[in-house]
Every structure is written in structure tokens, then in C-alpha cells.
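This report concerns only the one structure given below.
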Amino acid sequence: MPAAPLPLNEAARLAALRRYGILDSESSPAFDALTRLAARLFDVPVAVVSLVDEDRQWFKARVGMDACQTPRDHAFCAWALLEPDILEVLDPLGDPRFADNPLVTGDMRVRYYAGAPLINPDGLVMGTLCLFDTRLRPALSEQQRETLRTLADAVMGELNQHAARLQSDLALSAARDLNTLARERLSGLAESFNTPLTALLGYGQLLYSATHTGSSDPKLETLGRYADAIQSAGKSLLELVNTTLEAMRAHHGSIDQNNAGSVANLHSLLDEVHTLTAPLAEQRGMTMRLSLTSPLWVKGDPIRLKQMVLALVANALKHAGRGVIDLNAHPSDDGRTITLTVSDQGPGLPPAMASLLDPAPLTDPALLAHRGGLTVVRTMAAMQGFGLAVTSTPGIGCMIQINARRHQPELVSA
């Protein structure tokens with residue numbers, strides 16, 4: 001009994017079959033139903049969905065056969081892999097390929113075979129939907145061949161659905177594992193940041209005390225101003241680290257929602273951001289410009305809002321590289337909302353960066369590297385109920401707007 005030659009694409013075919021994750025899986029109602037339908041339509045005692053593995057054929061579904069697999073050397077379907085269409089064997093006893101096959105000479109007494117290939121989207125044959133009979137039969141009519149092909153296509157569709165479900169399950173499992181790992185790392189990350197920042201503030205306080213002695217020494221006065229700046233920047237940085245970690249926890253579903261009744265004073269908030277970032281802009285040959293014509297208040301957590309504005313300014317400082325960074329805020333025409341704007345005169349965002357406002361996780365490494373801080377802004381905006389808008393013109397600049405509900409000044413206690 002000659003063994004069927006291997007297809008020229010056997011390595012790719014076997015790799016594709018493995019990716020389906022179907023071999024040795026449990027029975028499936030959909031595959032069983034299609035196999036029963038094939039047996040009924042063609043009036044045969046045996047019908048199987050056969051997947052041809054490296055050294056066996058394994059039956060995903062079968063009617064009229066007890067075995068769940070046979071050696072590949074015995075498989076009619078191994079020969080079907082070599083055919084471009086349905087392989088039909090009308091007289092196995094008279095065919096040298098099958099005359100001494102155990103399926104022909106043994107208890108099954110196969111006298112007829114027809115197998116339609118299961119062809120995946122890449123054109124590789126995974127196996128067959130095949131029919132066996134114990135009696136001689138006439139050749140299939142063209143209409144019958146078309147019916148068998150249609151059933152084989154339906155089986156292949158079920159195989160593709162199985163693969164899609166498997167990939168989805170694997171992706172969900174991987175996401176759960178990553179979320180678990182992220183939550184475990186957050187507590188350690190918080191400690192890693194907080195410890196050196198607390199020490200920095202401690203030394204800043206010592207420097208502040210040492211320089212505020214009432215002396216009129218110009219050098220001490222200069223050091224005093226530096227100490228003030230260290231204290232202010234250190235406190236702000238500690239707040240921002242904590243709120244960033246909080247936003248990360250929120251992203252992973254491990255934190256409660258923030259205070260809904262907080263109110264932020266934009267005048268003091270933007271003034272503090274300007275004070276903290278203007279020296280950095282100056283070092284880069286850029287200018288920070290603040291425009292706030294009247295006191296404005298918005299509904300939202302001031303710490304988180306400051307984190308958002310600082311993140312936007314940091315991105316502008318990093319990527320604009322030139323010109324002016326403008327901070328401004330103004331009420332809407334109806335006075336119900338406030339639009340807070342951070343704009344720069346840099347090269348603008350690439351078109352794909354519009355995805356930064358999409359709620360789906362950002363996965364493109366190039367985009368993450370370009371303006372990854374905006375993902376924190378997006379997360380915090382969602383937590384606060386703020387709106388976000390991006391306007392970008394290549395070569396001219398980028399403007400990002402935060403839209404928040406206005407809180408009337410007269411309602412804010414002194």
C-alpha cells in the first residue's frame with residue numbers, strides 16, 4: 001500500500017493546522033450537524049470531518065465510524081490533499097493506491113470514497129469533508145459535487161470561527177494577566193517614587209530654613225528663592241506622581257471614582273503651571289505665555305486638572321522645540337463651560353495621533369513614544385467628565401482643548 005506523497009507546502013500546511021488549535025478538541029454540535037447532514041444528503045453510512053496531521057488523520061466529527069483517528073498511511077484524505085478539487089474513488093479495489101488499504105480490506109469494506117478539501121483563507125488544505133460507502137456507487141453529478149463543496153465550505157467556516165474564538169480567549173487571558181501584573185507593580189512603583197521625592201522635600205525644607213534667617217545677604221536671598229522653587233516644584237511633583245498612579249489604577253479598574261464636587265480655580269492653577277514650566281521653556285529657547293483675563297472656576301479636581309495641563313505642557317516642550325506655548329482659558333458663549341487650551345508652534349501631530357482621543361488602549365509604540373503623556377490626559381479627562389479636542393496643522397502647531405463645566409465665582413466661598 002503506497003503512502004501518499006507529501007504536498008509541496010506540507011510545512012506551511014501543518015503550521016496552519018496547528019494554529020487552529022482544533023486537534024484533539026471536544027466534539028462540537030456545529031461540526032456534528034454538518035457531518036450528519038452530509039451523510040443524509042448523500043445517503044452514505046459514513047461521513048467524517050478529517051483533519052490530516054503529520055502522521056495521522058483525526059476526525060473532528062464522524063457518523064458511522066467508531067475510531068477517532070487512523071494512521072495517515074491509511075488515509076484516503078492524505079491523497080485528497082494533493083487534489084485541487086474533490087477526490088472521488090469509485091472502485092478502491094481496482095485502484096493501486098487503495099486496493100490493500102485496511103479500510104478497504106478490513107471490517108469497513110470501503111467501496112466508495114469522496115472527499116472535498118477544507119481550504120483555509122491562505123489556500124492551504126487542512127483536511128476533508130469525506131463520504132464512505134460499502135457499496136459501489138456512480139460518480140457524483142455536478143450538482144452533487146457543488147453540494148459537497150458547499151458543505152465543505154461551511155465546515156471550513158466553523159474551523160475559522162473556532163480559531164477566532166481561540167484567539168479572542170487567548171487575548172482576554174493575556175489582558176487579564178497584564179492587568180494583574182500592572183496592579184501588583186503599582187504599589188511598588190508608588191513607593192519607588194514617593195521615597196526619593198519625600199527626601200527631596202525634606203532637604204528642600206532644610207535649605208529653606210537655613211536661608212530664611214532675616215539676613216540681608218544677597219546670596220542667601222538668592223538661595224532662598226531657589227529653596228522656595230524646590231519646595232514648590234517638589235510638592236507639585238509629588239502630587240502629580242500620586243495622581244498619575246491613581247489614574248493608572250483607574251485604568252486597571254482598581255480605584256474608586258474621584259470627588260464629584262471639587263472645584264478648581266483656573267487663575268491660581270494656570271499661574272502655578274506657568275511658574276513651574278516657564279524656566280524649562282526658557283532653557284529650550286521657548287516662551288511660556290499665560291492668558292487669563294478674569295477669574296474662572298471649573299467643576300473638577302484641581303490636582304488632576306493640574307496634572308493634565310502639566311502633561312500637555314510637557315509634551316509641547318518636548319516635541320514643539322520652538323516658538324511660544326500658550327496657556328489660556330475662556331468661557332463658552334452661553335457661559336456654561338470653560339475651554340482651557342494648551343497650544344504650541346511645533347510640527348503638529350501626525351494624522352494617526354487622533355487615536356489618542358479614542359477610548360481604546362494605545363498600542364502603537366511609535367505613538368506612545370511620540371506623545372505618550374497624552375494617554376494620562378485622556379484617562380483623567382474620562383474620570384472627570386471633561387471633553388477633549390485636538391486641532392493640529394503639520395508644520396504650524398498643535399492645540400489641545402480641555403472642556404469643563406463652569407462653576408460660577410459667586411458660588412465659591414472665600
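We label chains A, B, ... in the order they appear in the C-alpha cells, count residues from 1 in each chain, and number ligands from 1 in the order shown.
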Q | Who sits within 8 Å of region 136-143 of chain A, only C-alpha atoms, same chain under 4 positions skipped, as number ranges by chain | A | A: 88, 90-91, 111-112, 147
Q. Please, which residues of region 42-202 of chain A, numbered as in this document, come out alpha helix (DSSP H) from DSSP, as an MDAnalysis selection string?
A. chainID A and resid 42 76:80 102:105 142:202
Q: Within 10 Å of Ala67 (chain A), counting only C-alpha atoms, which residues show up once you throw out same-chain ones fewer than 5 positions away? Write them as a ChimeraX atom specification, please.
A: /A:58-59,62
Output C-alpha atoms for every residue in that selection, as a compact mmCIF listing (two decimals), in the first residue's frame.
```txt
# COMPACT_ATOMS: atom_id res chain seq x y z
CA TRP A 58 -8.01 12.92 13.18
CA PHE A 59 -11.78 13.17 12.97
CA ARG A 62 -17.88 11.47 12.43
```
Would you tabulate, counting only C-alpha atoms, all residues of region 318-339 of chain A that have an atom at most 12 Å from an atom of region 379-396 of chain A, showing the closest pair of atoms and their distance in Å to one decimal, sorted by chain then ascending number, as a tab-separated table?
```
residue	atom	partner	partner_atom	distance
A:His319	CA	A:Gly395	CA	12.0
A:Ala320	CA	A:Ile396	CA	9.8
A:Gly321	CA	A:Gly395	CA	11.8
A:Arg322	CA	A:Ile396	CA	10.7
A:Gly323	CA	A:Ile396	CA	10.4
A:Val324	CA	A:Ile396	CA	11.6
A:Thr337	CA	A:Phe386	CA	10.1
A:Ile338	CA	A:Phe386	CA	10.1
A:Thr339	CA	A:Gly387	CA	9.2
```
Q) Which of these residues is nearest to Ala264 (chain A), using only C-alpha atoms: A:Gln57, A:Arg406, A:Leu223, A:Leu166? A) A:Arg406
Q: Might you pull out every residue within 9 Å of Leu87 (chain A), with only C-alpha atoms counted and same-chain residues fewer than 5 positions away left off, and present them as a list in words?
A: Phe76, Cys77, Trp79, Ala80, Leu81, Leu82, Tyr113, Ala114, Gly115, Ala116 and Pro117 of chain A
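Across the structure, CA of Leu310 (chain A) and CA of Arg225 (chain A) are spaced 22.0 Å apart.
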(Q) So, with only C-alpha atoms as the atoms that count, which of A:Leu23, A:Ala229, A:Ala30, A:Met308 lies closest to Ser50 (chain A)? (A) A:Leu23
